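Written below as structure tokens is the structure these notes are about.
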Amino acid sequence: MKKLEDLVDTYLHKGLRKKLVEILKEKGITDEQVLDAIHTIPRHYFLDSAFDKIAYEDRAFPIASEQTISQPYTVAYQTQLLQIKKGDKVLEIGTGSMYQTTILAALGAKVYTIERQKQLFEQTPTYLFKKQYPNIEFHFGDGFEGLPLLAPFDKILITAAAPKIPEKLWEQLKVSGKMVIPLDESEAAQRMLRLTKKRDGSVKREAFDTFSFVPMLEGKTQK
Ligand code: SAH
């Protein structure tokens, strides 16, 4: 079990993070708050120590349960589209490594995150930034169901490839709320969409670039 006090964030790590922020800027990320959060949060803390030296490459890496920690560009891109304001109630589907969760918390959101892989969920009680970011609630379950008892949410973020727009999640979004969702366009690519709920309940749909995510699956695992 990793403990915050045992982890080291060296000048090398900090320097690599600074370079990563420059790369993200070159790729088109402009939101200063998002860039600041990427600059602040040590991504290597969320990865096995074998990845220590490469943690700041702009790539996805494997985590437990055959899942991945999203590429920093993807994390920055989705977060930027969400336009997080301090105090926003955000539902995240796919806790995974908890890295994206931490970026949302660092922006001042109240984060409710759901993971369907038991092995990944079982890591959440040892969350490294529990003291620094008490504004996160971890849930084990099927993200397609959302969290009806805690709804409605200002923002919903899906971090796995969705085969369709999950109806129950759409219902759990506030009026004027936004959902950022990578929706299957083909087997290998998802179109990033930002869906805004209009006053009359209808949807404003904005389409962005394509990405490649692990699939959003129904149900939850037993182990
Ligand atoms: N945000 C994570 C992304 C992990 S990959 C990170 O950057 O580390 C996507 C995650 O979504 C995986 O952990 C996968 O298990 C989870 N997932 C897939 N379908 C899900 C569902 N229906 N409900 C909750 N989590 C789901």
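Each chain of the structure tokens is named A, B, ... in the order shown, its residues numbered from 1; ligands are numbered from 1 in display order.
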
*asked:* Using only C-alpha atoms and all ligand atoms, which residues of the polymer chains come no farther than 8 Å from ligand 1? I'd like the answer as a PyMOL selection string.
replied: chain A and resi 63+65+67-71+75+92-101+114-117+120+140-145+158-161+213-220

*Leaving out Glu57 in chain A and any residue of its chain fewer than 2 positions from it, which residues lie within 12 Å of it when counting only C-alpha atoms, given as a PyMOL selection string?*
chain A and resi 13+16-24+43-44+51-55+59-61+70-73

Residues from last step as file, N, CA and C atoms, as a CSV table (one decimal), in the first residue's frame:
```
chain,number,residue,atom,x,y,z
A,13,HIS,N,10.9,14.9,-11.4
A,13,HIS,CA,9.5,14.7,-11.6
A,13,HIS,C,8.8,16.1,-11.9
A,16,LEU,N,9.7,17.3,-15.3
A,16,LEU,CA,9.0,16.5,-16.3
A,16,LEU,C,7.5,16.9,-16.4
A,17,ARG,N,7.0,17.3,-15.3
A,17,ARG,CA,5.6,17.7,-15.2
A,17,ARG,C,5.4,19.1,-15.9
A,18,LYS,N,6.4,19.9,-15.7
A,18,LYS,CA,6.4,21.2,-16.4
A,18,LYS,C,6.4,21.0,-17.9
A,19,LYS,N,7.3,20.1,-18.3
A,19,LYS,CA,7.4,19.8,-19.8
A,19,LYS,C,6.0,19.3,-20.3
A,20,LEU,N,5.4,18.4,-19.5
A,20,LEU,CA,4.1,17.8,-19.9
A,20,LEU,C,3.1,18.9,-20.1
A,21,VAL,N,3.1,19.9,-19.2
A,21,VAL,CA,2.2,21.0,-19.3
A,21,VAL,C,2.4,21.8,-20.6
A,22,GLU,N,3.7,22.0,-21.0
A,22,GLU,CA,4.0,22.6,-22.3
A,22,GLU,C,3.5,21.8,-23.5
A,23,ILE,N,3.7,20.5,-23.4
A,23,ILE,CA,3.2,19.7,-24.5
A,23,ILE,C,1.6,19.8,-24.6
A,24,LEU,N,1.0,19.8,-23.4
A,24,LEU,CA,-0.5,19.9,-23.5
A,24,LEU,C,-0.9,21.2,-24.1
A,43,ARG,N,1.5,12.7,-11.1
A,43,ARG,CA,0.9,11.5,-11.8
A,43,ARG,C,1.6,10.2,-11.4
A,44,HIS,N,2.9,10.3,-11.2
A,44,HIS,CA,3.6,9.0,-10.9
A,44,HIS,C,3.2,8.4,-9.6
A,51,PHE,N,6.8,2.5,-13.5
A,51,PHE,CA,6.6,3.6,-14.5
A,51,PHE,C,7.1,5.0,-14.0
A,52,ASP,N,7.8,5.0,-12.9
A,52,ASP,CA,8.3,6.2,-12.3
A,52,ASP,C,8.9,7.2,-13.3
A,53,LYS,N,9.8,6.7,-14.2
A,53,LYS,CA,10.5,7.6,-15.1
A,53,LYS,C,9.7,8.0,-16.3
A,54,ILE,N,8.7,7.2,-16.6
A,54,ILE,CA,7.9,7.5,-17.9
A,54,ILE,C,6.5,8.1,-17.6
A,55,ALA,N,6.3,8.3,-16.3
A,55,ALA,CA,4.9,8.7,-15.9
A,55,ALA,C,4.4,10.0,-16.5
A,59,ARG,N,1.0,9.5,-22.4
A,59,ARG,CA,0.5,8.2,-22.8
A,59,ARG,C,-0.4,7.6,-21.7
A,60,ALA,N,-1.3,6.7,-22.1
A,60,ALA,CA,-2.0,5.9,-21.2
A,60,ALA,C,-1.1,4.8,-20.7
A,61,PHE,N,-1.3,4.3,-19.5
A,61,PHE,CA,-0.5,3.2,-19.0
A,61,PHE,C,-1.4,2.2,-18.4
A,70,SER,N,-5.8,7.1,-17.9
A,70,SER,CA,-6.0,7.9,-19.2
A,70,SER,C,-4.7,8.7,-19.5
A,71,GLN,N,-4.6,8.9,-20.8
A,71,GLN,CA,-3.5,9.8,-21.2
A,71,GLN,C,-3.7,11.2,-20.6
A,72,PRO,N,-2.6,11.9,-20.2
A,72,PRO,CA,-2.8,13.2,-19.6
A,72,PRO,C,-3.5,14.2,-20.6
A,73,TYR,N,-3.3,14.1,-21.9
A,73,TYR,CA,-4.0,14.9,-22.8
A,73,TYR,C,-5.5,14.7,-22.8
```

_So that I can check the surroundings of Asp88 in chain A, please list as JSON, numbers by chain every protein, DNA and RNA residue that reaches within 9 Å of it, counting only C-alpha atoms and ignoring chain neighbours fewer than 2 positions away._
{"A": [84, 85, 86, 90, 108, 109, 110, 111, 153, 154, 155]}

*DSSP on the backbone: what in range 56-223 of chain A comes out strand (DSSP E), as JSON, numbers by chain?*
{"A": [61, 62, 68, 69, 89, 90, 91, 92, 93, 110, 111, 112, 113, 114, 115, 136, 137, 138, 139, 140, 153, 154, 155, 156, 157, 158, 173, 174, 175, 176, 177, 178, 179, 180, 181, 182, 183, 184, 190, 191, 192, 193, 194, 195, 196, 197, 203, 204, 205, 206, 207, 208, 209, 210, 211]}

_Please list as a PyMOL selection string every residue within 7 Å of range 124-137 of chain A, counting only C-alpha atoms and excluding residues in the same chain fewer than 5 positions away._
chain A and resi 3-4+105+110-113

*Within 7 Å of Phe211 in chain A, counting only C-alpha atoms, which residues qualify if same-chain residues fewer than 2 places away don't, as a PyMOL selection string?*
chain A and resi 189-191+209+213

_Per-residue DSSP, range 41-221 of chain A, filtered to alpha helix (DSSP H), as an NGL selection string_ = :A and (72-82 or 99-106 or 118-121 or 167-171)

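Residues in contact with Ile156 in chain A at 10 Å, where only C-alpha atoms are counted and same-chain residues fewer than 6 positions away are skipped, are listed as A:Leu82, A:Lys89, A:Val90, A:Leu91, A:Glu92, A:Ile93, A:Val111, A:Tyr112, A:Thr113, A:Gly146, A:Leu169, A:Trp170, A:Gln172, A:Leu173, A:Lys174, A:Gly177, A:Lys178, A:Met179, A:Val180, A:Ile181, A:Arg194, A:Leu195.
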
*Given the choices A:Glu122, A:Pro166, A:Arg205, A:Leu149, which gets closest to Gln222 in chain A if the distance is worked out from only C-alpha atoms?*
A:Glu122

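For the atom pair formed by CA of Val34 in chain A and CA of Thr74 in chain A, the distance is 11.8 Å, given to one decimal.
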